[in-house]
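Below is one structure; the comments refer to it alone.
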Amino acid sequence: NYRCRSAFKLLEIDDRYGLLRPGLTVLDCGAAPGAWSQVAVQRINSAGMDPDSPIGFLIGVDLLHIPPLDGAHFLSNSDLTDPATQTHVRALLPAAGVDVVLSDMAPNASGFRELDHERGILICLSMVDFAEKILRPGGSLVWAWWRSRLGQVLLSGWSGVRVLLGVPCDGLASCPVCVPSPSSLVPCVAGL
Ligand code: SAM
């Protein structure tokens, strides 16, 4: 049983792109209540359920409390945009870096559109910065909450990293993410 329905979103992404494999290292940003982590723990084998496969490693971080989960190392009550949290996370990660950064982080809605938009952008920019420092070359960033053109432009400059964005996309040439670029971007995922 999954802790919430969002698990199916990640299952669908991973069935399509095959990002999560036994033995990989994953950072789950905005992990509470832990449904994405449940999926990732199963797929990277970080709880060692499959004795014949390599064992992965997962760190999950959230502002809220994240109930414990076998195979996951959770940092609750932690703000991932705070440099102190980022330092803590980096100290826990292997030197080689992370294979997959998952981000389902979203600001709590205040009801004020502009304020929520601004908060969302700040989270995104901070995460772009952080992910770039910790992802190993060829790693993947899965972003389920992204609506900003600015962000798309920033990410399209990356190379060697696969970026999956949760931007509704019809796969047309007008999509700024799908436009072929020198980087190895894969097409964004339609309507996550
Ligand atoms: N992926 C989760 C799951 O499947 O259980 C659901 C995540 S929920 C949509 C978004 C989460 O982002 C919230 O729990 C919120 O507390 C967290 N969040 C928002 N801003 C954050 C920040 N600056 N640092 C850490 N977590 C944050």
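Scheme for the structure tokens: letters A, B, ... for chains in order shown; per-chain residue numbers from 1; ligand numbers from 1 in order shown.
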field: At most 10 Å from ligand 1 (only C-alpha atoms and all ligand atoms): residue list as a PyMOL selection string
entry: chain A and resi 2-10+28-39+60-66+75-82+85+102-108+119-120+122-124+126-127+144-145
Could you save the residues just selected, with N, CA and C atoms, as a short mmCIF file (atom, residue, chain, number, x, y, z; two decimals), in the first residue's frame?
```cif
data_model
loop_
_atom_site.label_atom_id
_atom_site.label_comp_id
_atom_site.auth_asym_id
_atom_site.auth_seq_id
_atom_site.Cartn_x
_atom_site.Cartn_y
_atom_site.Cartn_z
N TYR A 2 0.51 2.18 -0.86
CA TYR A 2 1.29 3.41 -0.92
C TYR A 2 0.68 4.48 -0.01
N ARG A 3 1.54 5.39 0.45
CA ARG A 3 1.08 6.40 1.40
C ARG A 3 0.19 7.45 0.75
N CYS A 4 0.37 7.68 -0.54
CA CYS A 4 -0.59 8.53 -1.26
C CYS A 4 -0.52 8.25 -2.76
N ARG A 5 -1.50 8.80 -3.47
CA ARG A 5 -1.70 8.49 -4.88
C ARG A 5 -0.53 8.89 -5.77
N SER A 6 0.27 9.85 -5.26
CA SER A 6 1.38 10.35 -6.09
C SER A 6 2.33 9.21 -6.48
N ALA A 7 2.30 8.10 -5.72
CA ALA A 7 3.15 6.96 -6.07
C ALA A 7 2.94 6.55 -7.52
N PHE A 8 1.70 6.60 -7.98
CA PHE A 8 1.40 6.12 -9.33
C PHE A 8 2.01 7.01 -10.41
N LYS A 9 2.17 8.29 -10.04
CA LYS A 9 2.82 9.23 -10.95
C LYS A 9 4.27 8.79 -11.20
N LEU A 10 4.97 8.49 -10.10
CA LEU A 10 6.38 8.09 -10.25
C LEU A 10 6.49 6.71 -10.91
N ASP A 28 15.25 12.25 -2.72
CA ASP A 28 13.82 12.54 -2.91
C ASP A 28 13.52 13.87 -2.20
N CYS A 29 13.29 14.92 -2.98
CA CYS A 29 13.09 16.27 -2.42
C CYS A 29 11.60 16.55 -2.23
N GLY A 30 11.22 16.95 -1.03
CA GLY A 30 9.80 17.13 -0.73
C GLY A 30 9.15 15.77 -0.62
N ALA A 31 9.69 14.93 0.27
CA ALA A 31 9.36 13.50 0.26
C ALA A 31 8.10 13.13 1.05
N ALA A 32 7.62 14.01 1.95
CA ALA A 32 6.48 13.64 2.80
C ALA A 32 5.18 13.53 1.98
N PRO A 33 4.32 12.56 2.27
CA PRO A 33 4.43 11.57 3.35
C PRO A 33 5.29 10.36 3.02
N GLY A 34 5.80 10.26 1.77
CA GLY A 34 6.77 9.20 1.50
C GLY A 34 6.39 8.22 0.39
N ALA A 35 5.38 8.56 -0.41
CA ALA A 35 4.94 7.62 -1.45
C ALA A 35 5.99 7.45 -2.55
N TRP A 36 6.59 8.56 -3.00
CA TRP A 36 7.65 8.44 -4.03
C TRP A 36 8.82 7.64 -3.46
N SER A 37 9.13 7.88 -2.20
CA SER A 37 10.24 7.14 -1.59
C SER A 37 9.92 5.64 -1.55
N GLN A 38 8.65 5.29 -1.27
CA GLN A 38 8.28 3.87 -1.26
C GLN A 38 8.58 3.22 -2.61
N VAL A 39 8.20 3.93 -3.68
CA VAL A 39 8.44 3.41 -5.03
C VAL A 39 9.94 3.28 -5.28
N GLY A 60 15.54 11.12 1.76
CA GLY A 60 14.34 11.92 1.52
C GLY A 60 14.34 13.11 2.46
N VAL A 61 13.92 14.27 1.95
CA VAL A 61 13.95 15.50 2.76
C VAL A 61 12.60 16.20 2.65
N ASP A 62 12.11 16.72 3.77
CA ASP A 62 10.88 17.52 3.70
C ASP A 62 10.80 18.48 4.88
N LEU A 63 10.05 19.56 4.65
CA LEU A 63 9.76 20.52 5.72
C LEU A 63 8.94 19.85 6.82
N LEU A 64 8.13 18.86 6.41
CA LEU A 64 7.23 18.17 7.34
C LEU A 64 7.88 16.90 7.88
N HIS A 65 7.20 16.29 8.83
CA HIS A 65 7.66 15.00 9.34
C HIS A 65 7.39 13.92 8.28
N ILE A 66 8.37 13.05 8.06
CA ILE A 66 8.19 11.93 7.13
C ILE A 66 8.24 10.65 7.97
N LEU A 75 15.29 13.03 6.32
CA LEU A 75 15.54 14.25 7.08
C LEU A 75 14.23 15.01 7.13
N SER A 76 13.53 14.91 8.25
CA SER A 76 12.26 15.62 8.41
C SER A 76 12.53 17.04 8.90
N ASN A 77 11.50 17.86 8.83
CA ASN A 77 11.56 19.23 9.35
C ASN A 77 12.78 19.97 8.80
N SER A 78 13.10 19.75 7.55
CA SER A 78 14.29 20.35 6.94
C SER A 78 13.91 21.06 5.65
N ASP A 79 14.43 22.27 5.53
CA ASP A 79 14.15 23.09 4.34
C ASP A 79 15.29 22.88 3.32
N LEU A 80 14.95 22.30 2.18
CA LEU A 80 16.01 21.99 1.21
C LEU A 80 16.58 23.23 0.52
N THR A 81 15.91 24.37 0.68
CA THR A 81 16.49 25.58 0.10
C THR A 81 17.49 26.22 1.07
N ASP A 82 17.57 25.68 2.28
CA ASP A 82 18.48 26.21 3.30
C ASP A 82 19.88 25.60 3.08
N THR A 85 20.86 22.69 5.30
CA THR A 85 20.28 21.38 4.95
C THR A 85 21.04 20.78 3.77
N LEU A 102 14.85 13.25 -7.40
CA LEU A 102 13.40 13.34 -7.59
C LEU A 102 12.94 14.60 -6.88
N SER A 103 12.15 15.43 -7.54
CA SER A 103 11.59 16.57 -6.82
C SER A 103 10.10 16.72 -7.07
N ASP A 104 9.36 16.54 -6.00
CA ASP A 104 7.91 16.76 -6.02
C ASP A 104 7.63 17.95 -5.10
N MET A 105 8.66 18.75 -4.82
CA MET A 105 8.49 19.87 -3.87
C MET A 105 7.54 20.91 -4.43
N ALA A 106 6.62 21.33 -3.60
CA ALA A 106 5.69 22.37 -4.00
C ALA A 106 5.42 23.25 -2.79
N PRO A 107 5.30 24.56 -2.99
CA PRO A 107 5.03 25.43 -1.84
C PRO A 107 3.59 25.21 -1.36
N ASN A 108 3.38 25.38 -0.06
CA ASN A 108 2.01 25.33 0.44
C ASN A 108 1.26 26.53 -0.11
N ARG A 119 7.13 31.94 -4.61
CA ARG A 119 7.70 30.88 -3.75
C ARG A 119 8.09 29.67 -4.58
N GLY A 120 7.23 29.32 -5.53
CA GLY A 120 7.51 28.17 -6.39
C GLY A 120 8.78 28.38 -7.18
N LEU A 122 11.29 30.34 -6.41
CA LEU A 122 12.47 30.30 -5.53
C LEU A 122 12.87 28.87 -5.22
N ILE A 123 11.89 28.01 -4.96
CA ILE A 123 12.19 26.60 -4.70
C ILE A 123 12.88 25.99 -5.92
N CYS A 124 12.32 26.27 -7.10
CA CYS A 124 12.87 25.69 -8.33
C CYS A 124 14.31 26.13 -8.56
N SER A 126 16.50 27.27 -6.46
CA SER A 126 17.40 26.73 -5.45
C SER A 126 17.70 25.26 -5.76
N MET A 127 16.69 24.52 -6.22
CA MET A 127 16.89 23.11 -6.52
C MET A 127 17.73 22.89 -7.77
N ALA A 144 8.42 17.08 -10.88
CA ALA A 144 6.99 16.91 -11.11
C ALA A 144 6.24 18.23 -11.05
N TRP A 145 6.91 19.27 -10.59
CA TRP A 145 6.18 20.52 -10.39
C TRP A 145 6.99 21.64 -11.01
#
```
task: Find the spatial neighbours of Leu24 in chain A, counting only C-alpha atoms, within a cut-off of 10 Å - ignore same-chain residues fewer than 2 positions away - and output them as a list in words.
output: Leu19, Leu20, Arg21, Pro22, Val26, Ala40, Val41, Arg43, Ile44, Asn45, Ser46, Pro54, Ile55, Gly56, Phe57, Leu58, Val98, Asp99 and Val100 of chain A
Export N, CA and C atoms of the chosen residues as a PDB file, in the first residue's frame?
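For reference, out.pdb as written:
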```pdb
ATOM      1  N   LEU A  19      14.387   4.856 -14.922  1.00  0.00           N
ATOM      2  CA  LEU A  19      15.439   5.613 -14.240  1.00  0.00           C
ATOM      3  C   LEU A  19      15.942   4.910 -12.979  1.00  0.00           C
ATOM      4  N   LEU A  20      15.040   4.210 -12.306  1.00  0.00           N
ATOM      5  CA  LEU A  20      15.359   3.668 -10.989  1.00  0.00           C
ATOM      6  C   LEU A  20      15.742   2.196 -11.105  1.00  0.00           C
ATOM      7  N   ARG A  21      17.006   1.908 -10.794  1.00  0.00           N
ATOM      8  CA  ARG A  21      17.484   0.525 -10.910  1.00  0.00           C
ATOM      9  C   ARG A  21      18.174   0.120  -9.609  1.00  0.00           C
ATOM     10  N   PRO A  22      18.218  -1.188  -9.326  1.00  0.00           N
ATOM     11  CA  PRO A  22      18.881  -1.630  -8.089  1.00  0.00           C
ATOM     12  C   PRO A  22      20.299  -1.080  -7.999  1.00  0.00           C
ATOM     13  N   VAL A  26      19.559   7.830  -4.685  1.00  0.00           N
ATOM     14  CA  VAL A  26      18.452   8.731  -5.022  1.00  0.00           C
ATOM     15  C   VAL A  26      18.268   9.775  -3.927  1.00  0.00           C
ATOM     16  N   ALA A  40      10.677   4.341  -4.930  1.00  0.00           N
ATOM     17  CA  ALA A  40      12.118   4.350  -5.207  1.00  0.00           C
ATOM     18  C   ALA A  40      12.837   3.268  -4.398  1.00  0.00           C
ATOM     19  N   VAL A  41      12.467   3.108  -3.129  1.00  0.00           N
ATOM     20  CA  VAL A  41      13.102   2.087  -2.283  1.00  0.00           C
ATOM     21  C   VAL A  41      12.944   0.700  -2.911  1.00  0.00           C
ATOM     22  N   ARG A  43      12.458   0.024  -6.091  1.00  0.00           N
ATOM     23  CA  ARG A  43      13.138  -0.117  -7.387  1.00  0.00           C
ATOM     24  C   ARG A  43      14.660  -0.077  -7.293  1.00  0.00           C
ATOM     25  N   ILE A  44      15.189   0.643  -6.300  1.00  0.00           N
ATOM     26  CA  ILE A  44      16.666   0.676  -6.172  1.00  0.00           C
ATOM     27  C   ILE A  44      17.158  -0.374  -5.176  1.00  0.00           C
ATOM     28  N   ASN A  45      16.197  -1.092  -4.562  1.00  0.00           N
ATOM     29  CA  ASN A  45      16.526  -2.177  -3.634  1.00  0.00           C
ATOM     30  C   ASN A  45      17.288  -1.668  -2.407  1.00  0.00           C
ATOM     31  N   SER A  46      16.909  -0.485  -1.910  1.00  0.00           N
ATOM     32  CA  SER A  46      17.670   0.059  -0.767  1.00  0.00           C
ATOM     33  C   SER A  46      17.291  -0.606   0.553  1.00  0.00           C
ATOM     34  N   PRO A  54      22.120  -5.455  -6.424  1.00  0.00           N
ATOM     35  CA  PRO A  54      22.847  -4.453  -5.631  1.00  0.00           C
ATOM     36  C   PRO A  54      21.893  -3.613  -4.786  1.00  0.00           C
ATOM     37  N   ILE A  55      22.427  -3.132  -3.686  1.00  0.00           N
ATOM     38  CA  ILE A  55      21.599  -2.359  -2.742  1.00  0.00           C
ATOM     39  C   ILE A  55      21.768  -0.870  -2.999  1.00  0.00           C
ATOM     40  N   GLY A  56      20.671  -0.162  -3.148  1.00  0.00           N
ATOM     41  CA  GLY A  56      20.717   1.275  -3.394  1.00  0.00           C
ATOM     42  C   GLY A  56      20.698   2.070  -2.098  1.00  0.00           C
ATOM     43  N   PHE A  57      20.625   3.398  -2.265  1.00  0.00           N
ATOM     44  CA  PHE A  57      20.649   4.293  -1.109  1.00  0.00           C
ATOM     45  C   PHE A  57      19.704   5.457  -1.395  1.00  0.00           C
ATOM     46  N   LEU A  58      18.829   5.770  -0.459  1.00  0.00           N
ATOM     47  CA  LEU A  58      17.872   6.869  -0.680  1.00  0.00           C
ATOM     48  C   LEU A  58      17.839   7.813   0.515  1.00  0.00           C
ATOM     49  N   VAL A  98      24.845  11.668  -6.865  1.00  0.00           N
ATOM     50  CA  VAL A  98      23.524  11.032  -6.886  1.00  0.00           C
ATOM     51  C   VAL A  98      23.197  10.610  -8.311  1.00  0.00           C
ATOM     52  N   ASP A  99      22.552   9.457  -8.454  1.00  0.00           N
ATOM     53  CA  ASP A  99      22.131   9.017  -9.791  1.00  0.00           C
ATOM     54  C   ASP A  99      20.829   9.686 -10.214  1.00  0.00           C
ATOM     55  N   VAL A 100      19.907   9.845  -9.246  1.00  0.00           N
ATOM     56  CA  VAL A 100      18.599  10.417  -9.586  1.00  0.00           C
ATOM     57  C   VAL A 100      18.168  11.402  -8.504  1.00  0.00           C
TER      58      VAL A 100
END
```
query: In Å, with one decimal, what is the gap from CA of Leu135 in chain A to CA of Val101 in chain A?
result: 7.3 Å
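Reported to one decimal place, the separation of CA of Pro68 in chain A from CA of Glu132 in chain A is 27.7 Å.
A straight line drawn from CA of Leu141 in chain A to CA of Arg16 in chain A is 14.6 Å long.
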message: DSSP on the backbone, strand (DSSP E) only: what residues of range 25-71 of chain A does that give? Format it as a ChimeraX atom specification.
response: /A:25-29,57-61
Save out the residues we just selected, C-alpha atoms, as a compact mmCIF listing (two decimals), in the first residue's frame.
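After the write, part.txt holds the following:
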```txt
# COMPACT_ATOMS: atom_id res chain seq x y z
CA THR A 25 21.54 6.52 -5.15
CA VAL A 26 18.45 8.73 -5.02
CA LEU A 27 17.59 12.05 -3.39
CA ASP A 28 13.82 12.54 -2.91
CA CYS A 29 13.09 16.27 -2.42
CA PHE A 57 20.65 4.29 -1.11
CA LEU A 58 17.87 6.87 -0.68
CA ILE A 59 17.69 10.15 1.21
CA GLY A 60 14.34 11.92 1.52
CA VAL A 61 13.95 15.50 2.76
```
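If you measure from each of A:Pro83, A:Pro94, A:Gly111, A:Gly23 to Gly71 in chain A using only C-alpha atoms, the closest one turns out to be A:Gly23.
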task: Pull the alpha helix (DSSP H) assignments for range 58-123 of chain A out of DSSP run on the backbone, and list those residues as a VMD selection string.
output: chain A and resid 83 to 92 113 to 123
Output file for the residues above (C-alpha atoms, as a PDB file, in the first residue's frame):
```pdb
ATOM      1  CA  PRO A  83      22.256  25.924   2.718  1.00  0.00           C
ATOM      2  CA  ALA A  84      22.641  24.161   6.081  1.00  0.00           C
ATOM      3  CA  THR A  85      20.278  21.385   4.947  1.00  0.00           C
ATOM      4  CA  GLN A  86      22.087  21.114   1.633  1.00  0.00           C
ATOM      5  CA  THR A  87      25.423  20.733   3.448  1.00  0.00           C
ATOM      6  CA  HIS A  88      23.906  18.030   5.655  1.00  0.00           C
ATOM      7  CA  VAL A  89      22.529  16.154   2.635  1.00  0.00           C
ATOM      8  CA  ARG A  90      25.860  16.344   0.800  1.00  0.00           C
ATOM      9  CA  ALA A  91      27.666  14.935   3.834  1.00  0.00           C
ATOM     10  CA  LEU A  92      25.377  11.886   3.730  1.00  0.00           C
ATOM     11  CA  ARG A 113      -1.378  33.738  -6.753  1.00  0.00           C
ATOM     12  CA  GLU A 114       1.643  35.998  -7.105  1.00  0.00           C
ATOM     13  CA  LEU A 115       3.069  34.978  -3.746  1.00  0.00           C
ATOM     14  CA  ASP A 116       2.667  31.267  -4.498  1.00  0.00           C
ATOM     15  CA  HIS A 117       4.234  31.742  -7.913  1.00  0.00           C
ATOM     16  CA  GLU A 118       7.200  33.568  -6.389  1.00  0.00           C
ATOM     17  CA  ARG A 119       7.702  30.879  -3.752  1.00  0.00           C
ATOM     18  CA  GLY A 120       7.511  28.175  -6.394  1.00  0.00           C
ATOM     19  CA  ILE A 121      10.141  29.864  -8.514  1.00  0.00           C
ATOM     20  CA  LEU A 122      12.465  30.305  -5.527  1.00  0.00           C
ATOM     21  CA  ILE A 123      12.192  26.595  -4.703  1.00  0.00           C
TER      22      ILE A 123
END
```
